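Structure first, commentary second.
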Amino acid sequence: MSLLVAENLSLSFGHRTILDGDGVRLDEGDRVGLVGPNGSGKSTLLKILAGSRAPDGGTVTLARGCRVAYLPQDVMELPGGPLLDSVVSSVPGRAALEERLTDVEAELATADEAEAQMHCAQRLADLHDELAHFETRFSRHAAERILSGLGFRAAEFARPTSELSGGWRMRAALAALLFAAPDVLLLDEPTNHLDLPSVRWLEEFMRGVRQALVLICHDREFLNRQVGRILAFEVEGLRTYHGNYDGYVRQRAQEEEVLRAAATNQERERREAERFIDRFRAQASKARAVQSRIKRLEKMDEVTLLETRATVRVRFPAVEVSGALPVSIEGVSKAFGALRLYDGLSLHVRRGQRVAIVGVNGAGKTTLLKIISGELAPDAGTVRFGHNVQLAYYAQHHADALDPRRTVLDEVGRLVPSWNPTRVRSTLGAFLFSGDDVDKPIRVLSGGERARVALAKLLVRPGNVLLMDEPTNHLDTASAEALADALEAFGGTLVFVSHNLSFARRLATRVWDVSGGTVIEYPGTLADYLARTEAASARPTGGADAAPDAAPARPPVSAPRPVPAPAPVAGAAGHAARRARAAADKTGARRLDAQRHAVAELEARIAALEAEQKRVEALLADDSVYADAARSRELLSAYQLGREKIEELMERWARAQGELRVLDPST
């Protein structure tokens with residue numbers, strides 16, 4: 001059953017077309033990933049499906065009674081009052097039901113006649129039944145479980161929503177949306193404001209929901225596990241691909257490969273036909289075959305290759321080698337009022353390590369980066385840097401703190417005054433700022449564009465120790481992966497905070513888990529860390545002494561099982577495999593030789609027939625031949641049969657030549 005059908009959608013901004021007669025259909029249980037570069041129209045399409053923005057043309061139709069809930073990237077307005085009450089009251093119909101219940105109770109209190117009292121009592125019973133159904137399906141316990149999973153402590157459930165910061169307001173809005181269990185979920189980057197534990201909890205929670213889903217997310221791993229269909233904003237329009245994001249990438253690559261092969265084959269056919277036409281155009285005997293090929297060329301549709309969008313190209317230059325211990329944190333303490341984050345913290349970063357800092361929001365991950373960078377002074381202790389350390393720091397607030405009055409070119413160029421404008425433009429081109437884009441003032445840029453400017457500033461002066469706080473926020477999936485590629489090849493040391501599972505899994509060689517005022521070090525990758533913490537959480541703890549209001553343990557997230565490499569083949573099986581490969585090689589060689597022989601044989605037969613045709617032409621050119629009617633008919637018939645036979649052999653030769661190229665592309 002279709003829950004939402006959008007048809008013939010069109011939308012343009014000036015000369016730029018976002019949607020052009022496109023459609024979207026969501027059935028029950030559909031899980032769709034919406035992908036495309038920043039600025040392609042993903043968020044705009046979600047707004048149209050949610051009904052918060054009207055398209056220029058087209059319609060969006062919902063099934064009767066279908067409820068749609070939309071989580072935008074921007075901070076949402078929340079109902080007032082305590083946090084838990086705000087989430088519970090988000091369910092449509094509850095407030096109206098409670099209001100009706102209050103009215104009937106008031107009516108019962110003023111009713112004098114027995115019949116009116118009985119009628120009110122029956123209505124009250126029915127309303128209480130309806131409310132009980134609400135309480136069963138939408139219990140306060142379920143709301144508490146969702147809030148706990150998204151990182152709220154039990155002590156915060158009574159906190160007024162008006163006191164929440166932007167990131168926590170988005171978490172509360174997400175909690176309300178998940179609790180209300182709408183028929184269609186439209187989520188725009190729901191992990192942006194979450195820490196790694198909350199991302200893992202959300203991933204497991206989302207696997208259990210049955211609602212239709214449209215998801216925008218730059219975390220490839222999260223996206224892969226949540227969706228079974230991809231809607232992609234491509235240069236040629238809105239396209240649909242079955243499978244997850246990895247499947248979409250494979251299918252897109254296969255499309256390009258097939259089209260490229262078709263274009264190559266078409267060009268070969270065109271060249272062969274043109275060579276045939278040029279060779280035989282002047283021969284009357286080939287006129288029919290020549291015309292056939294001319295018509296074929298005229299009817300040949302041009303194979304159009306897929307256009308590829310430019311993607312961010314990040315490559316860090318070579319950096320100078322630092323000392324063996326580039327960063328040493330010794331006895332650092334830090335508190336904000338009554339909140340003590342660190343007390344006597346000591347850590348060391350070794351050259352070449354890529355350290356991922358993980359932990360719940362508010363534990364002090366960003367504070368630790370700020371202390372290392374020097375943006376924030378510790379209350380006690382020191383941060384020492386090793387020999388030849390050149391520090392560079394990228395943070396979310398750096399992108400927001402760009403000078404709005406400067407142009408993109410000026411903002412980046414002022415860091416490297418020795419560079420000429422052409423070199424700065426070249427660097428900005430790698431971050432998709434080309435032509436007049438470099439002259440845009442910072443104030444008109446989107447969040448993603450500002451993030452790219454901040455990354456460009458980091459690239460022109462990278463240093464050999466990088467500190468990065470959520471570097472993939474506001475980047476699309478392709479750009480986030482390009483950044484991960486560059487950081488994998490980076491020759492220096494990296495310390496970073498990221499909620500992006502795919503990004504952190506690729507990069508981390510060491511994990512710092514910030515929790516309870518201390519940092520626990522885990523050597524190894526993020527996968528190693530997750531495996532250890534999941535094993536620890538699976539062990540029974542606490543017993544009767546456990547805290548009664550402790551948040552329930554988050555369900556573990558299973559890492560994708562690696563596909564085992566094929567075991568080496570030994571013994572008789574190995575000999576059999578080698579014999580099979582040798583036989584296959586011999587078979588391939590025999591097929592190639594046979595095909596070459598077939599092509600050569602056809603060429604020889606064509607040459608012999610053409611020589612015979614020239615002999616017959618010479619005889620027919622002699623007028624005396626026509627004195628013998630039988631002889632002339634015999635020669636004319638032979639000439640006609642020879643021409644038809646040559647055309648047949650030429651067709652066979654063209655097919656054989658094509659098959660030979662398949663077996664031997666160098667032919």
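We label chains A, B, ... in the order they appear in the structure tokens, count residues from 1 in each chain, and number ligands from 1 in the order shown.
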Neighbours of Glu7 (chain A) within 12 Å (only C-alpha atoms; same-chain residues fewer than 4 positions away dropped), as an MDAnalysis selection string? chainID A and resid 19:26 48:49 55 57:62
Which neighbours of Gly208 (chain A) fall inside 12 Å, counting only C-alpha atoms, when residues of the same chain fewer than 5 positions from it are skipped, and could you give them as a list in words?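 Neighbouring residues, sequence-local ones excluded: Gly29, Leu178, Ala181, Trp201, Leu202, Glu203, Arg225, Gln226 and Pro555 of chain A.
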Please produce an output containing N, CA, C and O atoms for each residue in the selection, written as a PDB file, in the first residue's frame.
```
ATOM      1  N   GLY A  29       6.760   0.284   4.915  1.00  0.00           N
ATOM      2  CA  GLY A  29       8.025  -0.391   5.164  1.00  0.00           C
ATOM      3  C   GLY A  29       9.172   0.029   4.274  1.00  0.00           C
ATOM      4  O   GLY A  29      10.289  -0.467   4.444  1.00  0.00           O
ATOM      5  N   LEU A 178      10.503  10.030  17.258  1.00  0.00           N
ATOM      6  CA  LEU A 178      10.573   8.568  17.356  1.00  0.00           C
ATOM      7  C   LEU A 178       9.460   8.032  18.251  1.00  0.00           C
ATOM      8  O   LEU A 178       8.874   6.977  17.974  1.00  0.00           O
ATOM      9  N   ALA A 181       5.930   7.691  16.653  1.00  0.00           N
ATOM     10  CA  ALA A 181       5.777   6.565  15.721  1.00  0.00           C
ATOM     11  C   ALA A 181       4.866   6.911  14.544  1.00  0.00           C
ATOM     12  O   ALA A 181       3.830   6.274  14.349  1.00  0.00           O
ATOM     13  N   TRP A 201      23.083   3.682  19.439  1.00  0.00           N
ATOM     14  CA  TRP A 201      21.747   3.362  19.964  1.00  0.00           C
ATOM     15  C   TRP A 201      20.686   3.630  18.903  1.00  0.00           C
ATOM     16  O   TRP A 201      19.783   2.812  18.690  1.00  0.00           O
ATOM     17  N   LEU A 202      20.781   4.785  18.240  1.00  0.00           N
ATOM     18  CA  LEU A 202      19.795   5.137  17.219  1.00  0.00           C
ATOM     19  C   LEU A 202      19.798   4.118  16.083  1.00  0.00           C
ATOM     20  O   LEU A 202      18.738   3.745  15.566  1.00  0.00           O
ATOM     21  N   GLU A 203      20.985   3.660  15.719  1.00  0.00           N
ATOM     22  CA  GLU A 203      21.081   2.672  14.647  1.00  0.00           C
ATOM     23  C   GLU A 203      20.292   1.421  14.992  1.00  0.00           C
ATOM     24  O   GLU A 203      19.521   0.898  14.173  1.00  0.00           O
ATOM     25  N   ARG A 225      23.186   0.500   6.675  1.00  0.00           N
ATOM     26  CA  ARG A 225      22.446  -0.421   7.539  1.00  0.00           C
ATOM     27  C   ARG A 225      20.974  -0.070   7.666  1.00  0.00           C
ATOM     28  O   ARG A 225      20.197  -0.854   8.219  1.00  0.00           O
ATOM     29  N   GLN A 226      20.574   1.099   7.180  1.00  0.00           N
ATOM     30  CA  GLN A 226      19.202   1.547   7.399  1.00  0.00           C
ATOM     31  C   GLN A 226      18.314   1.471   6.159  1.00  0.00           C
ATOM     32  O   GLN A 226      17.097   1.402   6.295  1.00  0.00           O
ATOM     33  N   PRO A 555      21.968  -1.150  23.410  1.00  0.00           N
ATOM     34  CA  PRO A 555      22.203  -2.434  22.747  1.00  0.00           C
ATOM     35  C   PRO A 555      23.470  -2.359  21.922  1.00  0.00           C
ATOM     36  O   PRO A 555      23.764  -1.340  21.323  1.00  0.00           O
TER      37      PRO A 555
END
```
List every residue of region 338-471 of chain A that DSSP, applied to the backbone, labels as strand (DSSP E), and write the result as a VMD selection string. chain A and resid 339 to 349 354 to 358 380 to 385 391 to 394 465 to 469
For the residues in the current selection, export N, CA and C atoms as a PDB file, in the first residue's frame.
```
ATOM      1  N   LEU A 339      30.873  21.406  37.755  1.00  0.00           N
ATOM      2  CA  LEU A 339      31.126  20.289  36.843  1.00  0.00           C
ATOM      3  C   LEU A 339      32.630  20.120  36.632  1.00  0.00           C
ATOM      4  N   ARG A 340      33.176  19.013  37.163  1.00  0.00           N
ATOM      5  CA  ARG A 340      34.601  18.723  36.976  1.00  0.00           C
ATOM      6  C   ARG A 340      34.749  17.731  35.821  1.00  0.00           C
ATOM      7  N   LEU A 341      35.427  18.180  34.770  1.00  0.00           N
ATOM      8  CA  LEU A 341      35.626  17.308  33.613  1.00  0.00           C
ATOM      9  C   LEU A 341      36.872  16.451  33.773  1.00  0.00           C
ATOM     10  N   TYR A 342      37.959  17.075  34.185  1.00  0.00           N
ATOM     11  CA  TYR A 342      39.222  16.344  34.301  1.00  0.00           C
ATOM     12  C   TYR A 342      39.899  16.701  35.620  1.00  0.00           C
ATOM     13  N   ASP A 343      40.598  15.722  36.178  1.00  0.00           N
ATOM     14  CA  ASP A 343      41.313  15.947  37.434  1.00  0.00           C
ATOM     15  C   ASP A 343      42.616  15.153  37.387  1.00  0.00           C
ATOM     16  N   GLY A 344      43.730  15.865  37.092  1.00  0.00           N
ATOM     17  CA  GLY A 344      45.030  15.206  37.026  1.00  0.00           C
ATOM     18  C   GLY A 344      45.189  14.291  35.832  1.00  0.00           C
ATOM     19  N   LEU A 345      44.654  14.688  34.684  1.00  0.00           N
ATOM     20  CA  LEU A 345      44.677  13.852  33.475  1.00  0.00           C
ATOM     21  C   LEU A 345      46.070  13.868  32.840  1.00  0.00           C
ATOM     22  N   SER A 346      46.597  12.692  32.519  1.00  0.00           N
ATOM     23  CA  SER A 346      47.891  12.582  31.838  1.00  0.00           C
ATOM     24  C   SER A 346      47.763  11.610  30.658  1.00  0.00           C
ATOM     25  N   LEU A 347      48.138  12.099  29.477  1.00  0.00           N
ATOM     26  CA  LEU A 347      48.053  11.308  28.245  1.00  0.00           C
ATOM     27  C   LEU A 347      49.223  11.667  27.343  1.00  0.00           C
ATOM     28  N   HIS A 348      49.539  10.759  26.410  1.00  0.00           N
ATOM     29  CA  HIS A 348      50.598  11.022  25.449  1.00  0.00           C
ATOM     30  C   HIS A 348      50.124  10.611  24.055  1.00  0.00           C
ATOM     31  N   VAL A 349      50.496  11.385  23.062  1.00  0.00           N
ATOM     32  CA  VAL A 349      50.220  11.059  21.664  1.00  0.00           C
ATOM     33  C   VAL A 349      51.558  10.815  20.985  1.00  0.00           C
ATOM     34  N   ARG A 354      46.677   8.033  15.004  1.00  0.00           N
ATOM     35  CA  ARG A 354      45.406   8.694  14.680  1.00  0.00           C
ATOM     36  C   ARG A 354      44.445   8.346  15.827  1.00  0.00           C
ATOM     37  N   VAL A 355      44.286   9.311  16.725  1.00  0.00           N
ATOM     38  CA  VAL A 355      43.547   9.081  17.969  1.00  0.00           C
ATOM     39  C   VAL A 355      42.115   9.568  17.816  1.00  0.00           C
ATOM     40  N   ALA A 356      41.151   8.669  18.028  1.00  0.00           N
ATOM     41  CA  ALA A 356      39.735   9.031  18.029  1.00  0.00           C
ATOM     42  C   ALA A 356      39.286   9.247  19.465  1.00  0.00           C
ATOM     43  N   ILE A 357      38.728  10.432  19.752  1.00  0.00           N
ATOM     44  CA  ILE A 357      38.191  10.732  21.085  1.00  0.00           C
ATOM     45  C   ILE A 357      36.696  10.465  21.049  1.00  0.00           C
ATOM     46  N   VAL A 358      36.223   9.543  21.894  1.00  0.00           N
ATOM     47  CA  VAL A 358      34.810   9.175  21.909  1.00  0.00           C
ATOM     48  C   VAL A 358      34.250   9.396  23.303  1.00  0.00           C
ATOM     49  N   ALA A 380      44.708  23.416  35.908  1.00  0.00           N
ATOM     50  CA  ALA A 380      45.995  22.962  36.441  1.00  0.00           C
ATOM     51  C   ALA A 380      46.617  22.031  35.414  1.00  0.00           C
ATOM     52  N   GLY A 381      47.928  21.829  35.522  1.00  0.00           N
ATOM     53  CA  GLY A 381      48.611  20.940  34.604  1.00  0.00           C
ATOM     54  C   GLY A 381      49.072  21.658  33.351  1.00  0.00           C
ATOM     55  N   THR A 382      49.746  20.915  32.489  1.00  0.00           N
ATOM     56  CA  THR A 382      50.315  21.510  31.274  1.00  0.00           C
ATOM     57  C   THR A 382      50.120  20.588  30.077  1.00  0.00           C
ATOM     58  N   VAL A 383      50.208  21.199  28.898  1.00  0.00           N
ATOM     59  CA  VAL A 383      50.263  20.466  27.633  1.00  0.00           C
ATOM     60  C   VAL A 383      51.600  20.805  26.995  1.00  0.00           C
ATOM     61  N   ARG A 384      52.440  19.804  26.799  1.00  0.00           N
ATOM     62  CA  ARG A 384      53.758  20.025  26.221  1.00  0.00           C
ATOM     63  C   ARG A 384      53.804  19.460  24.804  1.00  0.00           C
ATOM     64  N   PHE A 385      54.516  20.171  23.940  1.00  0.00           N
ATOM     65  CA  PHE A 385      54.666  19.731  22.558  1.00  0.00           C
ATOM     66  C   PHE A 385      56.103  19.304  22.313  1.00  0.00           C
ATOM     67  N   LEU A 391      51.128  22.777  14.910  1.00  0.00           N
ATOM     68  CA  LEU A 391      49.757  22.414  15.260  1.00  0.00           C
ATOM     69  C   LEU A 391      48.760  23.087  14.321  1.00  0.00           C
ATOM     70  N   ALA A 392      47.745  22.343  13.926  1.00  0.00           N
ATOM     71  CA  ALA A 392      46.631  22.900  13.144  1.00  0.00           C
ATOM     72  C   ALA A 392      45.331  22.359  13.722  1.00  0.00           C
ATOM     73  N   TYR A 393      44.317  23.224  13.857  1.00  0.00           N
ATOM     74  CA  TYR A 393      43.086  22.861  14.554  1.00  0.00           C
ATOM     75  C   TYR A 393      41.893  23.203  13.676  1.00  0.00           C
ATOM     76  N   TYR A 394      41.023  22.200  13.429  1.00  0.00           N
ATOM     77  CA  TYR A 394      39.767  22.425  12.718  1.00  0.00           C
ATOM     78  C   TYR A 394      38.624  22.099  13.670  1.00  0.00           C
ATOM     79  N   VAL A 465      50.616  18.085  13.157  1.00  0.00           N
ATOM     80  CA  VAL A 465      49.686  17.543  14.157  1.00  0.00           C
ATOM     81  C   VAL A 465      48.336  18.204  13.921  1.00  0.00           C
ATOM     82  N   LEU A 466      47.362  17.406  13.488  1.00  0.00           N
ATOM     83  CA  LEU A 466      46.018  17.918  13.194  1.00  0.00           C
ATOM     84  C   LEU A 466      45.074  17.598  14.346  1.00  0.00           C
ATOM     85  N   LEU A 467      44.332  18.598  14.792  1.00  0.00           N
ATOM     86  CA  LEU A 467      43.250  18.423  15.754  1.00  0.00           C
ATOM     87  C   LEU A 467      41.951  18.724  15.008  1.00  0.00           C
ATOM     88  N   MET A 468      41.007  17.781  14.992  1.00  0.00           N
ATOM     89  CA  MET A 468      39.787  17.960  14.208  1.00  0.00           C
ATOM     90  C   MET A 468      38.570  17.581  15.040  1.00  0.00           C
ATOM     91  N   ASP A 469      37.605  18.501  15.103  1.00  0.00           N
ATOM     92  CA  ASP A 469      36.377  18.293  15.868  1.00  0.00           C
ATOM     93  C   ASP A 469      35.200  18.191  14.901  1.00  0.00           C
TER      94      ASP A 469
END
```
Test item: residues at most 12 Å from region 148-154 of chain A, only C-alpha atoms, excluding those fewer than 3 positions along its chain, as a ChimeraX atom specification: /A:83-84,141-145,157-159,164,167-176,178-179,190-191,193-206,359-363,547-556
I'd like the neighbourhood of Leu223 (chain A) as a ChimeraX atom specification, where a residue qualifies if any of its atoms comes within 12 Å (using only C-alpha atoms), though same-chain residues fewer than 2 positions away should be ignored. /A:31-35,187-191,199,202-203,206-207,213-221,225-230,243-248,477,500-502
May I have the selected residues written with C-alpha atoms, as a CSV table (one decimal), in the first residue's frame?
```csv
chain,number,residue,atom,x,y,z
A,31,ARG,CA,13.5,2.6,3.7
A,32,VAL,CA,15.0,5.1,1.3
A,33,GLY,CA,18.3,6.9,1.4
A,34,LEU,CA,18.4,10.3,-0.3
A,35,VAL,CA,21.9,11.1,-1.6
A,187,LEU,CA,15.1,12.5,8.7
A,188,ASP,CA,17.6,15.1,7.6
A,189,GLU,CA,21.0,14.3,9.0
A,190,PRO,CA,19.7,12.9,12.3
A,191,THR,CA,23.2,11.9,13.6
A,199,VAL,CA,24.5,7.1,17.1
A,202,LEU,CA,19.8,5.1,17.2
A,203,GLU,CA,21.1,2.7,14.6
A,206,MET,CA,15.9,2.4,13.8
A,207,ARG,CA,16.4,-1.2,12.8
A,213,LEU,CA,11.7,6.1,6.1
A,214,VAL,CA,13.5,8.7,4.0
A,215,LEU,CA,16.9,9.4,5.3
A,216,ILE,CA,19.6,11.9,4.5
A,217,CYS,CA,22.9,11.0,6.2
A,218,HIS,CA,26.6,11.5,5.4
A,219,ASP,CA,27.7,8.5,7.5
A,220,ARG,CA,28.1,5.7,4.9
A,221,GLU,CA,28.0,2.9,7.5
A,225,ARG,CA,22.4,-0.4,7.5
A,226,GLN,CA,19.2,1.5,7.4
A,227,VAL,CA,18.0,1.7,3.8
A,228,GLY,CA,17.1,-0.7,1.0
A,229,ARG,CA,16.7,1.9,-1.8
A,230,ILE,CA,18.5,5.0,-2.9
A,243,GLY,CA,20.0,-1.7,-2.5
A,244,ASN,CA,21.9,0.4,0.1
A,245,TYR,CA,24.5,3.1,-0.5
A,246,ASP,CA,27.3,0.6,-1.4
A,247,GLY,CA,24.9,-1.0,-3.9
A,248,TYR,CA,24.1,2.4,-5.4
A,477,THR,CA,29.0,11.5,1.8
A,500,ASN,CA,30.6,9.4,11.9
A,501,LEU,CA,31.0,5.6,12.4
A,502,SER,CA,32.4,5.0,8.9
```
Please report, as JSON, numbers by chain, each residue of region 413-501 of chain A to which DSSP assigns alpha helix (DSSP H) when run on this structure's backbone. {"A": [413, 421, 422, 423, 424, 425, 426, 427, 428, 429, 430, 447, 448, 449, 450, 451, 452, 453, 454, 455, 456, 457, 458, 459, 460, 477, 478, 479, 480, 481, 482, 483, 484, 485, 486, 487, 488, 489, 501]}
Mind dumping the selected residues with N, CA and C atoms as a CSV table (one decimal), in the first residue's frame?
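Below you can see result26.csv, which holds the result:
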```
chain,number,residue,atom,x,y,z
A,413,GLY,N,43.3,33.2,1.2
A,413,GLY,CA,44.6,33.8,0.7
A,413,GLY,C,45.3,34.5,1.8
A,421,PRO,N,47.5,34.7,-6.4
A,421,PRO,CA,46.1,34.3,-6.5
A,421,PRO,C,45.8,33.1,-7.3
A,422,THR,N,46.6,32.8,-8.3
A,422,THR,CA,46.3,31.6,-9.1
A,422,THR,C,46.5,30.3,-8.3
A,423,ARG,N,47.5,30.3,-7.4
A,423,ARG,CA,47.7,29.1,-6.6
A,423,ARG,C,46.6,29.0,-5.6
A,424,VAL,N,46.1,30.1,-5.0
A,424,VAL,CA,45.0,30.0,-4.1
A,424,VAL,C,43.8,29.5,-4.8
A,425,ARG,N,43.5,30.1,-6.0
A,425,ARG,CA,42.3,29.6,-6.7
A,425,ARG,C,42.4,28.1,-7.0
A,426,SER,N,43.6,27.6,-7.3
A,426,SER,CA,43.7,26.2,-7.6
A,426,SER,C,43.4,25.4,-6.4
A,427,THR,N,43.8,25.8,-5.2
A,427,THR,CA,43.5,25.1,-4.0
A,427,THR,C,42.0,25.1,-3.7
A,428,LEU,N,41.4,26.3,-3.9
A,428,LEU,CA,39.9,26.4,-3.7
A,428,LEU,C,39.1,25.6,-4.7
A,429,GLY,N,39.7,25.4,-6.0
A,429,GLY,CA,39.0,24.6,-6.9
A,429,GLY,C,38.9,23.2,-6.5
A,430,ALA,N,39.9,22.7,-5.7
A,430,ALA,CA,39.8,21.3,-5.2
A,430,ALA,C,38.7,21.2,-4.2
A,447,GLY,N,26.1,26.1,5.0
A,447,GLY,CA,26.9,25.5,6.1
A,447,GLY,C,27.9,24.6,5.5
A,448,GLY,N,27.6,23.8,4.4
A,448,GLY,CA,28.5,22.9,3.8
A,448,GLY,C,29.6,23.7,3.1
A,449,GLU,N,29.3,24.8,2.5
A,449,GLU,CA,30.3,25.6,1.8
A,449,GLU,C,31.3,26.3,2.8
A,450,ARG,N,30.8,26.7,4.0
A,450,ARG,CA,31.6,27.3,5.0
A,450,ARG,C,32.6,26.2,5.5
A,451,ALA,N,32.1,25.0,5.7
A,451,ALA,CA,32.9,23.9,6.2
A,451,ALA,C,34.1,23.6,5.2
A,452,ARG,N,33.8,23.7,3.9
A,452,ARG,CA,34.8,23.5,2.9
A,452,ARG,C,35.8,24.6,2.9
A,453,VAL,N,35.4,25.9,3.2
A,453,VAL,CA,36.4,27.0,3.3
A,453,VAL,C,37.3,26.7,4.5
A,454,ALA,N,36.7,26.3,5.6
A,454,ALA,CA,37.5,26.0,6.8
A,454,ALA,C,38.5,24.9,6.5
A,455,LEU,N,38.1,23.9,5.8
A,455,LEU,CA,39.0,22.8,5.4
A,455,LEU,C,40.1,23.3,4.5
A,456,ALA,N,39.7,24.2,3.6
A,456,ALA,CA,40.8,24.7,2.7
A,456,ALA,C,41.8,25.5,3.4
A,457,LYS,N,41.4,26.3,4.5
A,457,LYS,CA,42.3,27.0,5.3
A,457,LYS,C,43.3,26.0,6.0
A,458,LEU,N,42.7,24.9,6.4
A,458,LEU,CA,43.6,23.9,7.1
A,458,LEU,C,44.6,23.3,6.1
A,459,LEU,N,44.2,23.1,4.8
A,459,LEU,CA,45.0,22.5,3.9
A,459,LEU,C,46.2,23.4,3.5
A,460,VAL,N,46.0,24.7,3.4
A,460,VAL,CA,47.1,25.6,3.0
A,460,VAL,C,48.1,25.7,4.1
A,477,THR,N,28.3,12.8,1.6
A,477,THR,CA,29.0,11.5,1.8
A,477,THR,C,30.3,11.4,1.0
A,478,ALA,N,30.2,11.8,-0.3
A,478,ALA,CA,31.4,11.8,-1.1
A,478,ALA,C,32.5,12.6,-0.6
A,479,SER,N,32.2,13.8,-0.1
A,479,SER,CA,33.2,14.7,0.4
A,479,SER,C,33.8,14.2,1.7
A,480,ALA,N,33.0,13.6,2.6
A,480,ALA,CA,33.4,13.0,3.8
A,480,ALA,C,34.4,11.9,3.5
A,481,GLU,N,34.1,11.1,2.5
A,481,GLU,CA,35.0,10.0,2.2
A,481,GLU,C,36.3,10.5,1.5
A,482,ALA,N,36.2,11.6,0.8
A,482,ALA,CA,37.4,12.2,0.2
A,482,ALA,C,38.3,12.7,1.3
A,483,LEU,N,37.7,13.3,2.3
A,483,LEU,CA,38.5,13.7,3.5
A,483,LEU,C,39.2,12.6,4.2
A,484,ALA,N,38.4,11.5,4.4
A,484,ALA,CA,39.0,10.3,5.0
A,484,ALA,C,40.2,9.7,4.2
A,485,ASP,N,40.0,9.7,2.9
A,485,ASP,CA,41.1,9.2,2.0
A,485,ASP,C,42.4,10.0,2.3
A,486,ALA,N,42.2,11.4,2.3
A,486,ALA,CA,43.3,12.2,2.5
A,486,ALA,C,44.0,12.1,3.8
A,487,LEU,N,43.2,11.9,4.9
A,487,LEU,CA,43.7,11.7,6.2
A,487,LEU,C,44.4,10.4,6.4
A,488,GLU,N,43.9,9.4,5.7
A,488,GLU,CA,44.6,8.1,5.7
A,488,GLU,C,46.0,8.2,5.2
A,489,ALA,N,46.2,9.1,4.1
A,489,ALA,CA,47.5,9.2,3.5
A,489,ALA,C,48.3,10.3,4.2
A,501,LEU,N,30.5,7.0,12.1
A,501,LEU,CA,31.0,5.6,12.4
A,501,LEU,C,32.0,5.2,11.2
```
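Shortest separation to Ala121 (chain A) among A:Phe134, A:Ala106, A:Thr240, A:His15 occurs at residue A:Ala106, atoms counted being only C-alpha atoms.
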Fewer than 5 positions away in the same chain doesn't count, so skip those; otherwise give me all residues within 9 Å of region 633-646 of chain A, counting only C-alpha atoms, as a PyMOL selection string. chain A and resi 285-286+605-606+609-610+612-613+616-617+619-620+626+628+651
Export, as a short mmCIF file (atom, residue, chain, number, x, y, z; two decimals), in the first residue's frame, the selected residues with C-alpha atoms.
```cif
data_model
loop_
_atom_site.label_atom_id
_atom_site.label_comp_id
_atom_site.auth_asym_id
_atom_site.auth_seq_id
_atom_site.Cartn_x
_atom_site.Cartn_y
_atom_site.Cartn_z
CA SER A 285 29.13 -3.42 -57.33
CA LYS A 286 29.23 -2.23 -53.69
CA ARG A 605 37.49 -15.63 -49.52
CA ILE A 606 36.42 -12.00 -49.92
CA LEU A 609 35.63 -13.26 -54.85
CA GLU A 610 36.62 -9.64 -55.51
CA GLU A 612 36.76 -13.07 -59.66
CA GLN A 613 34.34 -10.14 -59.87
CA VAL A 616 33.82 -11.05 -64.80
CA GLU A 617 33.58 -7.25 -65.07
CA LEU A 619 34.45 -9.93 -69.72
CA LEU A 620 31.17 -8.04 -69.48
CA TYR A 626 26.55 -10.13 -75.78
CA ASP A 628 26.14 -15.05 -77.34
CA GLU A 651 28.66 -9.00 -42.83
#
```
Interatomic distance, CA of Leu409 (chain A) to CA of Asp476 (chain A) (Å, one decimal): 22.4 Å
One number please: CA of Val104 (chain A) to CA of Cys120 (chain A), in Å, one decimal.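 Between CA of Val104 (chain A) and CA of Cys120 (chain A) the gap works out to 6.4 Å.
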